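Source file model-v9.cif; content: mmCIF, C-alpha atoms.
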data_upload
loop_
_atom_site.group_PDB
_atom_site.id
_atom_site.type_symbol
_atom_site.label_atom_id
_atom_site.label_comp_id
_atom_site.auth_asym_id
_atom_site.auth_seq_id
_atom_site.Cartn_x
_atom_site.Cartn_y
_atom_site.Cartn_z
ATOM 1 C CA MET A 1 88.272 133.404 96.430
ATOM 2 C CA GLU A 2 86.193 130.294 95.813
ATOM 3 C CA THR A 3 83.284 130.459 93.423
ATOM 4 C CA VAL A 4 79.705 129.982 94.626
ATOM 5 C CA LEU A 5 79.753 126.483 93.127
ATOM 6 C CA LEU A 6 82.821 125.472 95.131
ATOM 7 C CA GLN A 7 81.407 127.044 98.274
ATOM 8 C CA LYS A 8 78.285 124.915 97.864
ATOM 9 C CA LEU A 9 80.424 121.803 97.493
ATOM 10 C CA CYS A 10 82.352 122.716 100.629
ATOM 11 C CA SER A 11 79.190 123.317 102.663
ATOM 12 C CA LYS A 12 77.602 120.162 101.214
ATOM 13 C CA GLN A 13 74.734 122.117 99.675
ATOM 14 C CA ILE A 14 75.558 120.223 96.504
ATOM 15 C CA THR A 15 76.626 116.587 96.200
ATOM 16 C CA LYS A 16 79.319 115.275 93.864
ATOM 17 C CA THR A 17 76.607 113.620 91.773
ATOM 18 C CA GLN A 18 74.724 116.904 91.436
ATOM 19 C CA LEU A 19 77.957 118.702 90.606
ATOM 20 C CA TYR A 20 78.752 116.138 87.911
ATOM 21 C CA LYS A 21 75.341 116.641 86.290
ATOM 22 C CA LYS A 22 75.659 120.418 86.505
ATOM 23 C CA VAL A 23 79.038 120.434 84.737
ATOM 24 C CA GLU A 24 77.941 117.834 82.212
ATOM 25 C CA ALA A 25 75.140 120.212 81.242
ATOM 26 C CA ASP A 26 77.524 123.190 81.031
ATOM 27 C CA PHE A 27 81.174 122.419 80.321
ATOM 28 C CA SER A 28 82.117 126.072 80.741
ATOM 29 C CA LEU A 29 82.150 125.197 84.470
ATOM 30 C CA VAL A 30 85.151 122.848 84.036
ATOM 31 C CA PRO A 31 87.699 125.591 84.885
ATOM 32 C CA GLN A 32 85.962 126.040 88.256
ATOM 33 C CA LEU A 33 86.496 122.358 89.041
ATOM 34 C CA ILE A 34 90.111 122.641 87.964
ATOM 35 C CA GLU A 35 90.511 125.610 90.287
ATOM 36 C CA GLY A 36 88.907 123.488 93.002
ATOM 37 C CA THR A 37 91.674 120.883 92.799
ATOM 38 C CA THR A 38 94.054 123.515 94.201
ATOM 39 C CA SER A 39 91.796 124.335 97.164
ATOM 40 C CA THR A 40 93.186 124.160 100.700
ATOM 41 C CA LYS A 41 89.913 122.498 101.722
ATOM 42 C CA ALA A 42 90.023 118.715 101.302
ATOM 43 C CA THR A 43 86.272 118.462 100.628
ATOM 44 C CA VAL A 44 86.589 120.816 97.670
ATOM 45 C CA ARG A 45 89.933 119.483 96.449
ATOM 46 C CA TYR A 46 88.955 115.825 96.371
ATOM 47 C CA GLY A 47 85.350 116.459 95.382
ATOM 48 C CA CYS A 48 86.418 118.380 92.291
ATOM 49 C CA ALA A 49 89.097 115.829 91.398
ATOM 50 C CA SER A 50 86.598 112.995 91.718
ATOM 51 C CA VAL A 51 84.045 114.708 89.466
ATOM 52 C CA LEU A 52 86.752 115.538 86.914
ATOM 53 C CA MET A 53 87.828 111.893 86.897
ATOM 54 C CA GLU A 54 84.259 110.768 86.201
ATOM 55 C CA LEU A 55 83.889 113.365 83.456
ATOM 56 C CA SER A 56 87.154 112.262 81.848
ATOM 57 C CA VAL A 57 85.711 108.783 81.321
ATOM 58 C CA LYS A 58 82.679 109.936 79.388
ATOM 59 C CA HIS A 59 83.829 113.278 77.980
ATOM 60 C CA PRO A 60 87.618 113.179 77.440
ATOM 61 C CA ASP A 61 87.324 115.686 74.600
ATOM 62 C CA LYS A 62 85.884 118.306 76.968
ATOM 63 C CA LEU A 63 88.742 117.945 79.448
ATOM 64 C CA TYR A 64 91.544 117.551 76.911
ATOM 65 C CA PRO A 65 92.205 121.315 76.594
ATOM 66 C CA HIS A 66 93.198 121.188 80.273
ATOM 67 C CA MET A 67 95.485 118.169 80.005
ATOM 68 C CA GLU A 68 98.554 120.134 81.134
ATOM 69 C CA HIS A 69 96.859 120.822 84.454
ATOM 70 C CA PHE A 70 96.232 117.116 85.029
ATOM 71 C CA ILE A 71 99.807 116.297 84.065
ATOM 72 C CA GLY A 72 100.864 118.862 86.673
ATOM 73 C CA LEU A 73 98.682 117.148 89.282
ATOM 74 C CA LEU A 74 100.797 114.006 88.924
ATOM 75 C CA ASP A 75 103.339 115.829 91.099
ATOM 76 C CA SER A 76 100.800 116.820 93.749
ATOM 77 C CA LYS A 77 101.850 116.535 97.392
ATOM 78 C CA HIS A 78 98.411 114.976 97.935
ATOM 79 C CA ARG A 79 98.539 111.308 96.943
ATOM 80 C CA ILE A 80 94.805 111.141 96.214
ATOM 81 C CA LEU A 81 95.198 113.894 93.606
ATOM 82 C CA THR A 82 98.069 111.965 92.041
ATOM 83 C CA TRP A 83 95.857 108.869 91.842
ATOM 84 C CA ASN A 84 93.055 110.890 90.258
ATOM 85 C CA ALA A 85 95.499 112.458 87.810
ATOM 86 C CA LEU A 86 96.915 109.060 86.791
ATOM 87 C CA ALA A 87 93.392 107.985 85.841
ATOM 88 C CA ILE A 88 92.386 111.251 84.159
ATOM 89 C CA VAL A 89 95.549 111.415 82.042
ATOM 90 C CA ALA A 90 94.929 107.812 80.943
ATOM 91 C CA HIS A 91 91.317 108.613 79.986
ATOM 92 C CA LEU A 92 92.428 111.663 78.009
ATOM 93 C CA THR A 93 94.650 109.523 75.784
ATOM 94 C CA ALA A 94 91.392 108.684 73.984
ATOM 95 C CA THR A 95 91.477 112.129 72.406
ATOM 96 C CA ASP A 96 95.193 112.959 72.556
ATOM 97 C CA SER A 97 95.657 114.194 69.005
ATOM 98 C CA GLU A 98 98.707 116.247 70.004
ATOM 99 C CA ARG A 99 100.434 113.254 71.626
ATOM 100 C CA LYS A 100 100.843 115.063 74.919
ATOM 101 C CA PHE A 101 100.909 111.735 76.733
ATOM 102 C CA ASP A 102 103.756 110.488 74.560
ATOM 103 C CA ALA A 103 105.837 113.430 75.768
ATOM 104 C CA ILE A 104 105.347 112.426 79.417
ATOM 105 C CA PHE A 105 105.481 108.638 78.947
ATOM 106 C CA ASP A 106 108.613 108.234 81.076
ATOM 107 C CA LYS A 107 107.221 110.493 83.781
ATOM 108 C CA TYR A 108 103.965 108.524 83.909
ATOM 109 C CA TYR A 109 105.722 105.188 84.245
ATOM 110 C CA SER A 110 108.153 106.545 86.832
ATOM 111 C CA PHE A 111 105.243 106.039 89.251
ATOM 112 C CA LEU A 112 105.894 102.290 89.051
ATOM 113 C CA ASP A 113 108.835 103.040 91.351
ATOM 114 C CA ASN A 114 106.642 104.786 93.910
ATOM 115 C CA GLU A 115 106.796 103.667 97.535
ATOM 116 C CA TYR A 116 103.002 103.421 97.837
ATOM 117 C CA MET A 117 101.168 100.359 96.571
ATOM 118 C CA VAL A 118 98.067 102.303 95.496
ATOM 119 C CA THR A 119 100.143 104.621 93.300
ATOM 120 C CA VAL A 120 101.838 101.695 91.576
ATOM 121 C CA ALA A 121 98.526 99.844 91.225
ATOM 122 C CA ASN A 122 96.886 102.903 89.656
ATOM 123 C CA THR A 123 99.684 103.173 87.107
ATOM 124 C CA VAL A 124 99.359 99.497 86.229
ATOM 125 C CA GLY A 125 95.574 99.528 86.194
ATOM 126 C CA ASN A 126 95.299 102.477 83.820
ATOM 127 C CA SER A 127 97.797 101.048 81.360
ATOM 128 C CA GLY A 128 95.305 98.876 79.498
ATOM 129 C CA GLU A 129 93.293 101.916 78.507
ATOM 130 C CA ILE A 130 96.402 103.758 77.375
ATOM 131 C CA ALA A 131 97.446 100.774 75.231
ATOM 132 C CA LYS A 132 93.970 100.557 73.729
ATOM 133 C CA ASN A 133 93.962 104.271 72.878
ATOM 134 C CA LYS A 134 97.594 104.300 71.725
ATOM 135 C CA PRO A 135 98.389 100.782 70.475
ATOM 136 C CA TYR A 136 101.714 101.954 69.028
ATOM 137 C CA LEU A 137 102.890 102.387 72.643
ATOM 138 C CA ALA A 138 101.927 98.833 73.650
ATOM 139 C CA ASP A 139 105.449 97.407 73.422
ATOM 140 C CA ARG A 140 106.864 100.214 75.575
ATOM 141 C CA ILE A 141 104.059 99.777 78.102
ATOM 142 C CA THR A 142 104.709 96.032 78.195
ATOM 143 C CA THR A 143 108.378 96.643 78.959
ATOM 144 C CA GLU A 144 107.449 98.962 81.824
ATOM 145 C CA LEU A 145 104.836 96.694 83.384
ATOM 146 C CA LEU A 146 107.128 93.677 83.352
ATOM 147 C CA LYS A 147 109.329 95.627 85.778
ATOM 148 C CA VAL A 148 106.798 95.111 88.577
ATOM 149 C CA GLN A 149 108.425 91.711 89.094
ATOM 150 C CA ASN A 150 111.351 93.567 90.625
ATOM 151 C CA LEU A 151 109.606 96.154 92.811
ATOM 152 C CA GLN A 152 111.443 97.127 95.962
ATOM 153 C CA THR A 153 109.470 96.587 99.150
ATOM 154 C CA THR A 154 108.753 99.608 101.369
ATOM 155 C CA PRO A 155 106.690 100.129 104.544
ATOM 156 C CA HIS A 156 103.777 100.904 102.178
ATOM 157 C CA LEU A 157 104.552 98.197 99.616
ATOM 158 C CA THR A 158 104.999 94.775 101.193
ATOM 159 C CA GLU A 159 105.601 91.395 99.572
ATOM 160 C CA GLU A 160 101.839 90.812 99.759
ATOM 161 C CA CYS A 161 101.277 94.165 98.021
ATOM 162 C CA LYS A 162 103.571 93.010 95.234
ATOM 163 C CA LEU A 163 101.282 90.024 94.673
ATOM 164 C CA VAL A 164 98.268 92.355 94.429
ATOM 165 C CA ILE A 165 100.135 94.429 91.833
ATOM 166 C CA ALA A 166 101.126 91.294 89.906
ATOM 167 C CA GLN A 167 97.453 90.335 89.752
ATOM 168 C CA GLN A 168 96.552 93.782 88.438
ATOM 169 C CA ALA A 169 99.346 93.548 85.881
ATOM 170 C CA ILE A 170 98.000 90.238 84.549
ATOM 171 C CA GLU A 171 94.511 91.760 84.264
ATOM 172 C CA THR A 172 96.037 94.563 82.191
ATOM 173 C CA PHE A 173 97.971 92.049 80.077
ATOM 174 C CA ASN A 174 94.635 90.907 78.623
ATOM 175 C CA THR A 175 94.501 94.222 76.768
ATOM 176 C CA LEU A 176 98.208 94.338 75.969
ATOM 177 C CA MET A 177 98.105 90.884 74.366
ATOM 178 C CA GLN A 178 95.967 92.376 71.599
ATOM 179 C CA PHE A 179 98.624 94.926 70.656
ATOM 180 C CA THR A 180 102.127 93.970 71.795
ATOM 181 C CA LYS A 181 104.675 91.900 69.902
ATOM 182 C CA ASN A 182 106.114 90.760 73.232
ATOM 183 C CA LYS A 183 103.400 88.210 74.047
ATOM 184 C CA THR A 184 105.854 85.563 75.243
ATOM 185 C CA ALA A 185 107.099 87.759 78.080
ATOM 186 C CA LEU A 186 103.537 88.313 79.304
ATOM 187 C CA LEU A 187 102.830 84.585 79.218
ATOM 188 C CA ASP A 188 106.059 83.916 81.113
ATOM 189 C CA PHE A 189 105.020 86.452 83.763
ATOM 190 C CA ALA A 190 101.684 84.682 84.236
ATOM 191 C CA GLU A 191 103.431 81.281 84.361
ATOM 192 C CA GLN A 192 105.452 82.473 87.346
ATOM 193 C CA HIS A 193 102.247 83.151 89.264
ATOM 194 C CA LYS A 194 99.984 80.269 88.264
ATOM 195 C CA ASN A 195 100.736 78.478 91.559
ATOM 196 C CA SER A 196 100.765 81.606 93.727
ATOM 197 C CA SER A 197 99.856 81.370 97.404
ATOM 198 C CA ARG A 198 97.530 84.320 96.828
ATOM 199 C CA ASP A 199 94.230 82.872 95.678
ATOM 200 C CA ALA A 200 93.101 85.785 93.482
ATOM 201 C CA LEU A 201 96.501 86.057 91.755
ATOM 202 C CA ARG A 202 96.659 82.307 91.116
ATOM 203 C CA LYS A 203 93.200 82.318 89.529
ATOM 204 C CA GLU A 204 93.982 85.413 87.418
ATOM 205 C CA ALA A 205 97.219 83.855 86.145
ATOM 206 C CA GLN A 206 95.525 80.563 85.316
ATOM 207 C CA MET A 207 92.640 82.278 83.488
ATOM 208 C CA PHE A 208 95.100 84.383 81.519
ATOM 209 C CA LEU A 209 97.115 81.351 80.448
ATOM 210 C CA LYS A 210 94.006 79.424 79.519
ATOM 211 C CA LYS A 211 92.843 82.317 77.349
ATOM 212 C CA TRP A 212 96.118 83.158 75.601
ATOM 213 C CA GLN A 213 98.364 80.089 75.503
#
Starting from the file, give its structure as structure tokens.
Amino acid sequence: METVLLQKLCSKQITKTQLYKKVEADFSLVPQLIEGTTSTKATVRYGCASVLMELSVKHPDKLYPHMEHFIGLLDSKHRILTWNALAIVAHLTATDSERKFDAIFDKYYSFLDNEYMVTVANTVGNSGEIAKNKPYLADRITTELLKVQNLQTTPHLTEECKLVIAQQAIETFNTLMQFTKNKTALLDFAEQHKNSSRDALRKEAQMFLKKWQ
């Protein structure tokens, strides 16, 4: 049975922005949003996940008690929930005093092998924040991200997609360079793309090398 709040979201009597403000004013409503992520109704499911993702940016401490739920969402059959969960889990590393992320490190980075470009890109894109919040994991994160050079193509991850992911990786390397001992490998990665046929990747690689070489 959905709560009144979730019913209002479903019937569009309340917008996601209004819902965000309502929960931000009363964090005891967070469990209702978490319940909403399991709804059979897409409007409720994705609306709640989106609001939770926004809240996790600004208020990770308020969502941290529910981290196990978000870790569970990584395995959702709904890709959008997985993408939301990848971001939320990364944001919650800011307050991860119990090192819950450390325990699922391998699981998190297993998404680099996913057949969908957006899933891989989300994993890469959130890695800078994780490294910043947990600098002692920077070397392990570096090792994982360097693997995107060898991604297997799929119907949902083409050669062009691989170039997009390489660009995102180099963007993330700007954070990793501050913490990892393996700086040479990151520079080598960028070197391989400084003459890329993809304009945005070429520029990103050249800017990175100019900044860090």
Mind pulling up the distance from CA of His66 (chain A) to CA of Gln18 (chain A)?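 Separation between CA of Gln18 (chain A) and CA of His66 (chain A): 22.0 Å.
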Mind telling me what the PyMOL selection byres ((chain A and resi 191) around 12) catches here, as an MDAnalysis selection string? chainID A and resid 166 170 184:190 192:196 201:210 212:213
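Summary of the local environment: counting only C-alpha atoms, residues at most 12 Å from Lys147 (chain A), other than itself and those fewer than 4 positions away along its chain, are Tyr109, Ser110, Phe111, Leu112, Asp113, Val120, Val124, Arg140, Ile141, Thr142, Thr143, Leu151, Gln152, Lys162, Ile165, Ala166, Ala169, Ala185, Leu186 and Phe189 of chain A.
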Requested write-out: C-alpha atoms of the selected residues, as a PDB file, in the coordinates of the input:
ATOM      1  CA  TYR A 109     105.722 105.188  84.245  1.00  0.00           C
ATOM      2  CA  SER A 110     108.153 106.545  86.832  1.00  0.00           C
ATOM      3  CA  PHE A 111     105.243 106.039  89.251  1.00  0.00           C
ATOM      4  CA  LEU A 112     105.894 102.290  89.051  1.00  0.00           C
ATOM      5  CA  ASP A 113     108.835 103.040  91.351  1.00  0.00           C
ATOM      6  CA  VAL A 120     101.838 101.695  91.576  1.00  0.00           C
ATOM      7  CA  VAL A 124      99.359  99.497  86.229  1.00  0.00           C
ATOM      8  CA  ARG A 140     106.864 100.214  75.575  1.00  0.00           C
ATOM      9  CA  ILE A 141     104.059  99.777  78.102  1.00  0.00           C
ATOM     10  CA  THR A 142     104.709  96.032  78.195  1.00  0.00           C
ATOM     11  CA  THR A 143     108.378  96.643  78.959  1.00  0.00           C
ATOM     12  CA  LEU A 151     109.606  96.154  92.811  1.00  0.00           C
ATOM     13  CA  GLN A 152     111.443  97.127  95.962  1.00  0.00           C
ATOM     14  CA  LYS A 162     103.571  93.010  95.234  1.00  0.00           C
ATOM     15  CA  ILE A 165     100.135  94.429  91.833  1.00  0.00           C
ATOM     16  CA  ALA A 166     101.126  91.294  89.906  1.00  0.00           C
ATOM     17  CA  ALA A 169      99.346  93.548  85.881  1.00  0.00           C
ATOM     18  CA  ALA A 185     107.099  87.759  78.080  1.00  0.00           C
ATOM     19  CA  LEU A 186     103.537  88.313  79.304  1.00  0.00           C
ATOM     20  CA  PHE A 189     105.020  86.452  83.763  1.00  0.00           C
TER      21      PHE A 189
END
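Picture a line from CA of Val164 (chain A) to CA of Gln149 (chain A); it runs 11.5 Å.
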I need the residue nearest Thr43 (chain A) from this list: A:Val4, A:Leu146, A:Cys10, A:Ala85. Use all atoms listed in the file for the distance.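 Checking each candidate against Thr43 (chain A), we get A:Cys10 as the closest.
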Determine the axis-aligned bounding box of all atoms of region 164-167 of chain A present in the file, pad each side by 3 Å, and express its centre and edge lengths in Å to one decimal place as AutoDock Vina command-line options.
--center_x 99.3 --center_y 92.4 --center_z 92.1 --size_x 9.7 --size_y 10.1 --size_z 10.7
Need the shell around Ala94 (chain A): protein/DNA/RNA residues with any atom at most 8 Å away, counting all atoms listed in the file. Skip same-chain ones fewer than 4 positions apart. Format as a PyMOL selection string? chain A and resi 60+90+130+133-134
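Nearest-residue note for Thr40 (chain A): choosing from A:Leu6, A:Val23, A:Ala131, A:Met67, the minimum distance belongs to A:Leu6, counting all atoms listed in the file.
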Work out how far CA of Val51 (chain A) is from CA of Lys16 (chain A), in Å to one decimal. 6.5 Å
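Among the candidates A:Asp61, A:Glu54, A:Glu115, A:Asp139, the one nearest to Ala87 (chain A) when counting all atoms listed in the file is A:Glu54.
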As number ranges by chain, please: the residues near Ile80 (chain A) (cut-off 12 Å, only C-alpha atoms, same-chain neighbours under 4 positions excluded). A: 37, 42, 45-50, 53, 73-76, 84-87, 116, 118-119, 122
Using the chain letters and numbers from the file, give me the residues hit by the PyMOL selection byres ((chain A and resi 138) around 12), as a tab-separated table (two decimals) with C-alpha atoms, in the frame of the given file.
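Full text of result-v3.tsv as output:
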chain	number	residue	atom	x	y	z
A	102	ASP	CA	103.76	110.49	74.56
A	105	PHE	CA	105.48	108.64	78.95
A	127	SER	CA	97.80	101.05	81.36
A	128	GLY	CA	95.30	98.88	79.50
A	129	GLU	CA	93.29	101.92	78.51
A	130	ILE	CA	96.40	103.76	77.38
A	131	ALA	CA	97.45	100.77	75.23
A	132	LYS	CA	93.97	100.56	73.73
A	133	ASN	CA	93.96	104.27	72.88
A	134	LYS	CA	97.59	104.30	71.72
A	135	PRO	CA	98.39	100.78	70.47
A	136	TYR	CA	101.71	101.95	69.03
A	137	LEU	CA	102.89	102.39	72.64
A	139	ASP	CA	105.45	97.41	73.42
A	140	ARG	CA	106.86	100.21	75.58
A	141	ILE	CA	104.06	99.78	78.10
A	142	THR	CA	104.71	96.03	78.19
A	143	THR	CA	108.38	96.64	78.96
A	144	GLU	CA	107.45	98.96	81.82
A	145	LEU	CA	104.84	96.69	83.38
A	172	THR	CA	96.04	94.56	82.19
A	173	PHE	CA	97.97	92.05	80.08
A	174	ASN	CA	94.64	90.91	78.62
A	175	THR	CA	94.50	94.22	76.77
A	176	LEU	CA	98.21	94.34	75.97
A	177	MET	CA	98.10	90.88	74.37
A	178	GLN	CA	95.97	92.38	71.60
A	179	PHE	CA	98.62	94.93	70.66
A	180	THR	CA	102.13	93.97	71.80
A	181	LYS	CA	104.68	91.90	69.90
A	182	ASN	CA	106.11	90.76	73.23
A	183	LYS	CA	103.40	88.21	74.05
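Closest approach to Val30 (chain A) among A:Ser56, A:Leu9, A:Met117, A:Leu63 is made by A:Leu63 (distances from all atoms listed in the file).
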Between A:Arg198, A:His91, A:Lys8, A:Lys22, which has the minimum distance to Lys58 (chain A) (counting only C-alpha atoms)?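 Ranking A:Arg198, A:His91, A:Lys8, A:Lys22 by distance to Lys58 (chain A), first place goes to A:His91.
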